[in-house]
Amino acid sequence: MSDQLFGITYSELQALLYPRQPYKTFIIAKRNGSPRVIHEPRIALKVVQEKLLHFLYENAGMAKPCVQGFTPGRSIVTNAQKHCSPRTLHLLNIDIENFFPSITFYRVRGLFLKKPFEFSHQVATVLAQICTYQGILPQGAPTSPMVANLICRSLDKDLTLLAKRHRAIYTRYCDDITFSLSVRDIAKLPVNICSFDSGVLTLGDELQSIFVKNSFRINPLKSRLGNRRHRLEVTGITINKSPNVKRSFIDSIRGALHAWDKYGYEAATAEWEKRPYKRQRRIGGIPSLKNVLWGKLLYVRMVRGGDDVLYTRLAERYNMLCEKEQAARKSFTYSSLPIEAVVRNAADAENAVFVLEWLGDYKGEPVGGQGTAFAYKDVGLLTCEHVFHTVTENGEPVSFDEVKGATLTLQNPSTGKFWPAKLIHKDPYRDLAVVHFDTRIPPAHRHFSALEAQINRNSKGILIGFPNWSPGKRANQLYVTVLNRFPITGLQRIEINGSVRKGNSGGPFVDELFRVAGVAQQGATQANGNDQCLCVTELDKWLVEIKGLAHGLSLDALPDTPVAD
């Protein structure tokens, strides 16, 4: 087995493990400044551990849905998303005390003796020796997080069942335990999980007994209960509306960039180095200011998304300052931040909206339609389904699908350029359609990001589109106010105090940061109706429904979404 799994003989493996495994130990500071002891294996042992880790991933089976740490495709962001719901009214955070040291050599050996591995006692002993150091699971070995997740399978099962009985959600990210509870009245919290009285949090007897049963201890200093009236936080990410970073975190980035821009990099670095506490590297010292900002901004990108307007603005400023510093000082090196072409202002919006036109011949009579289309996320271009319908001079209704040889084009009036397009998907019920450029090399253009939640009444916004368009006219950007928000036929809609005119259909209604809040669909007449937009929340739900469109998958050959009865 040693030859097949590790590529070395058993005698070579023995020499590596006995009489003592080769590790180097160092200390780094935790966030609160206290020491964290790290045991890092030497290269030869680390290679063996990485091969064992690969074996475990292939043979241990899929991790439970509650396990969010050190599992492919899961992260602190997915952990936070599990609890990010309007139903989360209280949030209980628990920390396991001395998590890795509490997993001993004997527990690891027992893991390899049981299913799904069922190794012999001798093999299990050797594998446990590979994974442990000084009789415990070392923090710093590549195998430790995966082994810890496997050890916690019984704990995860018991806590998941406890959460389900009380309609709660349970997740674990390494040693961070989170329960989100939908109970509104704090006095009615499930006592099996926790209770709160006179400012004192008490963990339930059943909850505590599950940890004792699984040979773990709860850290009493790190147990806390939050509610929706205050900031809810899961593994450092706030979840009151959507996964987000703390405002103080953003302020620290803004402050450092401002100091760099105003006083220069060297002066800003000097101030940075005066701070009483800074996270350390294992080789000692502190990272440079540019590297700290680079890492912080990548963290913002991970949490808020690459198309987030705030991240884009800060990243562009960082890249600009780095370019400026390098131009003045050739020895200055840096890694640039990835930036998506997100709309952030009125000028950007001009490069993300297009006039959509279709033309054809129906029974010898020319027919066609016109509207607005806008680039949205990585989806393509969105418009209204009703743009693809018209009537003949005789009043006969006709649609784009019925016109043989009909042409569909997109034009950017700010450049005057045209491109052929194709209709990918449409939904008469929601009055939405998706269009793609029908060319091998689509034009370079920006795209809109989405507002994270429904826009509120009395909020300011901008209606962008091409009402009554004619060649030479550029996009209208009409500043309006949200009058109301209400459902019609089961879909949330927005009423605005500006006119949605013919040709506006399919255009984006954005907030003051140019994030899409809705799609213009219907104008009012003097007799009746309202100037309406479909809420972006309905748009995003639809994109998820149609087979992963929101993740950039091709929609060719997808059928139309059926109209609801």
# chains A, B, ... in the order shown; residues from 1 in each chain; ligands from 1
>>> residues_around(residues="A:Gly368", least_positions_apart="3", cutoff="12 Å", atoms="only C-alpha atoms", output="PDB file with N, CA and C atoms, in the first residue's frame")
ATOM      1  N   LEU A 356     -32.713  47.729 -29.764  1.00  0.00           N
ATOM      2  CA  LEU A 356     -33.033  46.430 -30.356  1.00  0.00           C
ATOM      3  C   LEU A 356     -34.103  46.635 -31.424  1.00  0.00           C
ATOM      4  N   GLU A 357     -33.852  46.152 -32.639  1.00  0.00           N
ATOM      5  CA  GLU A 357     -34.822  46.261 -33.731  1.00  0.00           C
ATOM      6  C   GLU A 357     -34.935  44.935 -34.456  1.00  0.00           C
ATOM      7  N   TRP A 358     -36.165  44.606 -34.843  1.00  0.00           N
ATOM      8  CA  TRP A 358     -36.348  43.468 -35.736  1.00  0.00           C
ATOM      9  C   TRP A 358     -37.233  43.878 -36.897  1.00  0.00           C
ATOM     10  N   LEU A 359     -36.940  43.338 -38.068  1.00  0.00           N
ATOM     11  CA  LEU A 359     -37.648  43.681 -39.303  1.00  0.00           C
ATOM     12  C   LEU A 359     -37.873  42.420 -40.116  1.00  0.00           C
ATOM     13  N   GLY A 360     -38.998  42.384 -40.855  1.00  0.00           N
ATOM     14  CA  GLY A 360     -39.293  41.254 -41.711  1.00  0.00           C
ATOM     15  C   GLY A 360     -40.462  41.551 -42.624  1.00  0.00           C
ATOM     16  N   ASP A 361     -40.819  40.559 -43.376  1.00  0.00           N
ATOM     17  CA  ASP A 361     -41.927  40.706 -44.322  1.00  0.00           C
ATOM     18  C   ASP A 361     -42.993  39.670 -43.977  1.00  0.00           C
ATOM     19  N   TYR A 362     -44.234  40.160 -43.749  1.00  0.00           N
ATOM     20  CA  TYR A 362     -45.329  39.259 -43.387  1.00  0.00           C
ATOM     21  C   TYR A 362     -46.465  39.465 -44.381  1.00  0.00           C
ATOM     22  N   GLU A 365     -46.199  42.503 -46.432  1.00  0.00           N
ATOM     23  CA  GLU A 365     -46.209  43.784 -45.724  1.00  0.00           C
ATOM     24  C   GLU A 365     -45.011  43.847 -44.771  1.00  0.00           C
ATOM     25  N   GLY A 371     -37.212  48.264 -29.292  1.00  0.00           N
ATOM     26  CA  GLY A 371     -37.183  48.438 -27.841  1.00  0.00           C
ATOM     27  C   GLY A 371     -35.765  48.652 -27.371  1.00  0.00           C
ATOM     28  N   HIS A 386     -42.602  41.486 -25.090  1.00  0.00           N
ATOM     29  CA  HIS A 386     -43.611  42.090 -25.961  1.00  0.00           C
ATOM     30  C   HIS A 386     -42.987  42.913 -27.089  1.00  0.00           C
ATOM     31  N   VAL A 387     -41.675  43.197 -26.996  1.00  0.00           N
ATOM     32  CA  VAL A 387     -40.991  43.890 -28.092  1.00  0.00           C
ATOM     33  C   VAL A 387     -41.025  43.054 -29.370  1.00  0.00           C
ATOM     34  N   PHE A 388     -41.163  41.746 -29.222  1.00  0.00           N
ATOM     35  CA  PHE A 388     -41.146  40.836 -30.379  1.00  0.00           C
ATOM     36  C   PHE A 388     -42.547  40.595 -30.935  1.00  0.00           C
ATOM     37  N   HIS A 389     -43.478  41.486 -30.628  1.00  0.00           N
ATOM     38  CA  HIS A 389     -44.843  41.409 -31.168  1.00  0.00           C
ATOM     39  C   HIS A 389     -45.197  42.753 -31.794  1.00  0.00           C
ATOM     40  N   THR A 390     -46.019  42.709 -32.825  1.00  0.00           N
ATOM     41  CA  THR A 390     -46.514  43.925 -33.469  1.00  0.00           C
ATOM     42  C   THR A 390     -47.846  43.609 -34.129  1.00  0.00           C
ATOM     43  N   VAL A 391     -48.434  44.581 -34.813  1.00  0.00           N
ATOM     44  CA  VAL A 391     -49.670  44.359 -35.573  1.00  0.00           C
ATOM     45  C   VAL A 391     -49.478  44.931 -36.969  1.00  0.00           C
ATOM     46  N   THR A 392     -50.136  44.325 -37.934  1.00  0.00           N
ATOM     47  CA  THR A 392     -50.075  44.818 -39.305  1.00  0.00           C
ATOM     48  C   THR A 392     -50.993  46.029 -39.461  1.00  0.00           C
ATOM     49  N   GLU A 393     -50.950  46.641 -40.616  1.00  0.00           N
ATOM     50  CA  GLU A 393     -51.818  47.792 -40.881  1.00  0.00           C
ATOM     51  C   GLU A 393     -53.286  47.418 -40.779  1.00  0.00           C
ATOM     52  N   PRO A 397     -52.407  40.720 -35.390  1.00  0.00           N
ATOM     53  CA  PRO A 397     -51.220  40.551 -34.546  1.00  0.00           C
ATOM     54  C   PRO A 397     -50.222  39.589 -35.180  1.00  0.00           C
ATOM     55  N   VAL A 398     -48.951  39.900 -35.045  1.00  0.00           N
ATOM     56  CA  VAL A 398     -47.905  39.051 -35.601  1.00  0.00           C
ATOM     57  C   VAL A 398     -46.687  39.119 -34.681  1.00  0.00           C
ATOM     58  N   SER A 399     -45.976  38.001 -34.544  1.00  0.00           N
ATOM     59  CA  SER A 399     -44.798  37.947 -33.681  1.00  0.00           C
ATOM     60  C   SER A 399     -43.555  37.664 -34.504  1.00  0.00           C
ATOM     61  N   PHE A 400     -42.425  37.925 -33.885  1.00  0.00           N
ATOM     62  CA  PHE A 400     -41.128  37.714 -34.530  1.00  0.00           C
ATOM     63  C   PHE A 400     -40.989  36.274 -35.023  1.00  0.00           C
ATOM     64  N   ASP A 401     -41.482  35.300 -34.256  1.00  0.00           N
ATOM     65  CA  ASP A 401     -41.352  33.889 -34.628  1.00  0.00           C
ATOM     66  C   ASP A 401     -42.121  33.540 -35.897  1.00  0.00           C
ATOM     67  N   GLU A 402     -43.175  34.303 -36.194  1.00  0.00           N
ATOM     68  CA  GLU A 402     -44.014  33.999 -37.347  1.00  0.00           C
ATOM     69  C   GLU A 402     -43.485  34.588 -38.648  1.00  0.00           C
ATOM     70  N   VAL A 403     -42.498  35.459 -38.537  1.00  0.00           N
ATOM     71  CA  VAL A 403     -41.985  36.145 -39.725  1.00  0.00           C
ATOM     72  C   VAL A 403     -40.747  35.413 -40.220  1.00  0.00           C
ATOM     73  N   GLY A 405     -37.411  34.711 -42.043  1.00  0.00           N
ATOM     74  CA  GLY A 405     -36.320  35.559 -42.506  1.00  0.00           C
ATOM     75  C   GLY A 405     -36.211  36.885 -41.794  1.00  0.00           C
ATOM     76  N   ALA A 406     -36.896  37.029 -40.657  1.00  0.00           N
ATOM     77  CA  ALA A 406     -36.815  38.289 -39.919  1.00  0.00           C
ATOM     78  C   ALA A 406     -35.393  38.500 -39.396  1.00  0.00           C
ATOM     79  N   THR A 407     -34.927  39.732 -39.431  1.00  0.00           N
ATOM     80  CA  THR A 407     -33.595  40.066 -38.945  1.00  0.00           C
ATOM     81  C   THR A 407     -33.705  40.771 -37.590  1.00  0.00           C
ATOM     82  N   LEU A 408     -32.748  40.473 -36.747  1.00  0.00           N
ATOM     83  CA  LEU A 408     -32.695  41.068 -35.416  1.00  0.00           C
ATOM     84  C   LEU A 408     -31.336  41.735 -35.252  1.00  0.00           C
ATOM     85  N   THR A 409     -31.325  43.012 -34.901  1.00  0.00           N
ATOM     86  CA  THR A 409     -30.064  43.741 -34.764  1.00  0.00           C
ATOM     87  C   THR A 409     -30.020  44.505 -33.449  1.00  0.00           C
TER      88      THR A 409
END
>>> select_by_dssp(residues="stretch 217-407 of chain A", states="alpha helix (DSSP H)", output="ChimeraX atom specification")
/A:247-263,265-273,289-304,309-328,346-350
>>> select_by_dssp(residues="stretch 136-350 of chain A", states="strand (DSSP E or B)", output="JSON, numbers by chain")
{"A": [136, 139, 141, 169, 170, 171, 172, 173, 176, 177, 178, 179, 180, 181, 194, 195, 196, 197, 200, 201, 202, 203, 218, 224, 225, 226, 227, 233, 234, 237, 238, 244, 342]}
>>> residues_around(residues="stretch 294-309 of chain A", least_positions_apart="5", cutoff="7 Å", atoms="only C-alpha atoms", output="number ranges by chain")
A: 77, 243-245, 315, 340, 342, 344, 449
>>> residues_around(residues="stretch 190-198 of chain A", least_positions_apart="6", cutoff="9 Å", atoms="only C-alpha atoms", output="list in words")
Leu92, Leu162, Ala163, His166, Phe179, Leu181, Val183, Gly204, Asp205, Glu206, Leu207, Gln208 and Leu225 of chain A
>>> write_last_selection(atoms="all heavy atoms", output="compact mmCIF listing (two decimals), in the first residue's frame")
# COMPACT_ATOMS: atom_id res chain seq x y z
N LEU A 92 -27.23 32.16 16.51
CA LEU A 92 -26.40 31.66 17.60
C LEU A 92 -25.05 31.22 17.04
O LEU A 92 -25.00 30.37 16.15
CB LEU A 92 -27.08 30.50 18.31
CG LEU A 92 -26.27 29.81 19.41
CD1 LEU A 92 -26.02 30.75 20.58
CD2 LEU A 92 -26.97 28.53 19.89
N LEU A 162 -30.98 18.14 15.65
CA LEU A 162 -31.46 19.08 16.66
C LEU A 162 -32.02 20.34 15.99
O LEU A 162 -33.09 20.83 16.36
CB LEU A 162 -30.32 19.45 17.61
CG LEU A 162 -30.62 20.53 18.66
CD1 LEU A 162 -31.72 20.08 19.61
CD2 LEU A 162 -29.35 20.90 19.42
N ALA A 163 -31.30 20.84 15.01
CA ALA A 163 -31.75 22.06 14.31
C ALA A 163 -33.06 21.80 13.56
O ALA A 163 -33.98 22.63 13.61
CB ALA A 163 -30.67 22.52 13.33
N HIS A 166 -36.31 22.00 15.46
CA HIS A 166 -36.73 23.34 15.86
C HIS A 166 -36.77 24.31 14.68
O HIS A 166 -36.72 25.52 14.89
CB HIS A 166 -35.80 23.85 16.96
CG HIS A 166 -35.84 23.02 18.21
ND1 HIS A 166 -36.91 23.05 19.09
CD2 HIS A 166 -34.95 22.11 18.71
CE1 HIS A 166 -36.66 22.21 20.09
NE2 HIS A 166 -35.50 21.62 19.88
N PHE A 179 -26.15 28.48 14.29
CA PHE A 179 -27.57 28.14 14.19
C PHE A 179 -28.33 29.41 13.84
O PHE A 179 -28.17 30.44 14.52
CB PHE A 179 -28.12 27.61 15.52
CG PHE A 179 -27.69 26.22 15.89
CD1 PHE A 179 -26.51 26.01 16.60
CD2 PHE A 179 -28.45 25.13 15.53
CE1 PHE A 179 -26.11 24.74 16.95
CE2 PHE A 179 -28.06 23.84 15.88
CZ PHE A 179 -26.88 23.65 16.59
N LEU A 181 -32.14 30.90 13.66
CA LEU A 181 -33.44 30.56 14.22
C LEU A 181 -34.49 31.54 13.72
O LEU A 181 -34.23 32.75 13.62
CB LEU A 181 -33.38 30.61 15.75
CG LEU A 181 -32.29 29.71 16.37
CD1 LEU A 181 -31.74 30.32 17.63
CD2 LEU A 181 -32.84 28.33 16.64
N VAL A 183 -37.41 32.09 15.19
CA VAL A 183 -38.28 32.51 16.29
C VAL A 183 -38.20 34.02 16.46
O VAL A 183 -37.10 34.58 16.58
CB VAL A 183 -37.88 31.80 17.60
CG1 VAL A 183 -38.76 32.26 18.74
CG2 VAL A 183 -37.96 30.30 17.44
N GLY A 204 -28.49 25.27 25.68
CA GLY A 204 -29.39 24.20 26.10
C GLY A 204 -28.65 22.96 26.55
O GLY A 204 -27.55 22.64 26.07
N ASP A 205 -29.27 22.22 27.46
CA ASP A 205 -28.67 20.99 27.98
C ASP A 205 -28.44 19.98 26.85
O ASP A 205 -27.39 19.31 26.81
CB ASP A 205 -29.55 20.38 29.06
CG ASP A 205 -29.57 21.21 30.34
OD1 ASP A 205 -28.64 22.02 30.52
OD2 ASP A 205 -30.51 21.06 31.13
N GLU A 206 -29.41 19.85 25.94
CA GLU A 206 -29.26 18.88 24.85
C GLU A 206 -28.12 19.28 23.93
O GLU A 206 -27.33 18.43 23.49
CB GLU A 206 -30.56 18.75 24.06
CG GLU A 206 -30.48 17.68 22.97
CD GLU A 206 -31.78 17.48 22.23
OE1 GLU A 206 -32.80 18.10 22.62
OE2 GLU A 206 -31.79 16.71 21.24
N LEU A 207 -28.02 20.57 23.64
CA LEU A 207 -26.93 21.04 22.79
C LEU A 207 -25.58 20.72 23.43
O LEU A 207 -24.67 20.19 22.77
CB LEU A 207 -27.07 22.56 22.57
CG LEU A 207 -25.95 23.24 21.79
CD1 LEU A 207 -25.94 22.78 20.34
CD2 LEU A 207 -26.08 24.76 21.85
N GLN A 208 -25.45 21.02 24.71
CA GLN A 208 -24.18 20.78 25.39
C GLN A 208 -23.87 19.29 25.49
O GLN A 208 -22.71 18.88 25.35
CB GLN A 208 -24.21 21.40 26.79
CG GLN A 208 -24.33 22.92 26.77
CD GLN A 208 -24.08 23.54 28.13
OE1 GLN A 208 -22.97 23.45 28.68
NE2 GLN A 208 -25.11 24.15 28.70
N LEU A 225 -25.33 35.42 20.92
CA LEU A 225 -26.63 35.39 20.26
C LEU A 225 -26.90 36.78 19.68
O LEU A 225 -26.81 37.78 20.37
CB LEU A 225 -27.73 35.01 21.26
CG LEU A 225 -29.15 34.90 20.71
CD1 LEU A 225 -29.29 33.66 19.81
CD2 LEU A 225 -30.17 34.86 21.84
>>> residues_around(residues="A:Pro471", least_positions_apart="2", cutoff="10 Å", atoms="only C-alpha atoms", output="PyMOL selection string")
chain A and resi 411+413+416+469+473-474
>>> closest_residue(among="A:Ser414, A:Asn240, A:Asn345, A:Ile546", to="A:Val379", atoms="only C-alpha atoms")
A:Ile546
>>> residues_around(residues="A:Glu495", least_positions_apart="6", cutoff="8 Å", atoms="only C-alpha atoms", output="compact mmCIF listing (two decimals) with N, CA, C and O atoms, in the first residue's frame")
# COMPACT_ATOMS: atom_id res chain seq x y z
N VAL A 482 -39.37 56.32 -6.93
CA VAL A 482 -40.25 55.17 -6.76
C VAL A 482 -41.49 55.60 -5.98
O VAL A 482 -41.38 56.07 -4.85
N LEU A 483 -42.67 55.44 -6.61
CA LEU A 483 -43.91 55.81 -5.95
C LEU A 483 -44.48 54.67 -5.13
O LEU A 483 -45.04 54.88 -4.05
N ASN A 484 -44.34 53.45 -5.64
CA ASN A 484 -44.99 52.32 -4.99
C ASN A 484 -44.32 51.03 -5.42
O ASN A 484 -43.60 50.99 -6.42
N ARG A 485 -44.59 49.98 -4.64
CA ARG A 485 -44.15 48.64 -5.00
C ARG A 485 -45.28 47.70 -4.65
O ARG A 485 -45.78 47.72 -3.52
N ASN A 530 -50.29 52.26 -14.84
CA ASN A 530 -49.19 52.87 -14.10
C ASN A 530 -47.92 52.71 -14.94
O ASN A 530 -47.80 51.81 -15.76
N ASP A 531 -46.96 53.58 -14.69
CA ASP A 531 -45.64 53.41 -15.30
C ASP A 531 -44.88 52.40 -14.47
O ASP A 531 -44.46 52.69 -13.34
N GLN A 532 -44.72 51.20 -15.02
CA GLN A 532 -44.29 50.05 -14.23
C GLN A 532 -42.98 49.45 -14.71
O GLN A 532 -42.68 49.43 -15.90
N CYS A 533 -42.24 48.94 -13.73
CA CYS A 533 -41.04 48.12 -13.98
C CYS A 533 -41.17 46.83 -13.19
O CYS A 533 -41.76 46.82 -12.11
>>> closest_residue(among="A:Gly507, A:Asp185, A:Thr537, A:Tyr429", to="A:Thr489", atoms="only C-alpha atoms")
A:Tyr429
>>> residues_around(residues="A:Ile27", least_positions_apart="5", cutoff="9 Å", atoms="only C-alpha atoms", output="PyMOL selection string")
chain A and resi 35-39+282
>>> write_last_selection(atoms="C-alpha atoms", output="compact mmCIF listing (two decimals), in the first residue's frame")
# COMPACT_ATOMS: atom_id res chain seq x y z
CA PRO A 35 -0.55 33.62 20.03
CA ARG A 36 -1.51 30.81 17.67
CA VAL A 37 0.89 27.83 17.52
CA ILE A 38 1.37 26.40 14.03
CA HIS A 39 3.05 23.04 13.38
CA ARG A 282 5.28 33.13 9.44
>>> closest_residue(among="A:Gln139, A:Ser180, A:Ile210, A:Gln134", to="A:Lys157", atoms="only C-alpha atoms")
A:Ile210
>>> closest_residue(among="A:Ile239, A:Ala421, A:Ile151, A:Ile253", to="A:Cys84", atoms="only C-alpha atoms")
A:Ile239
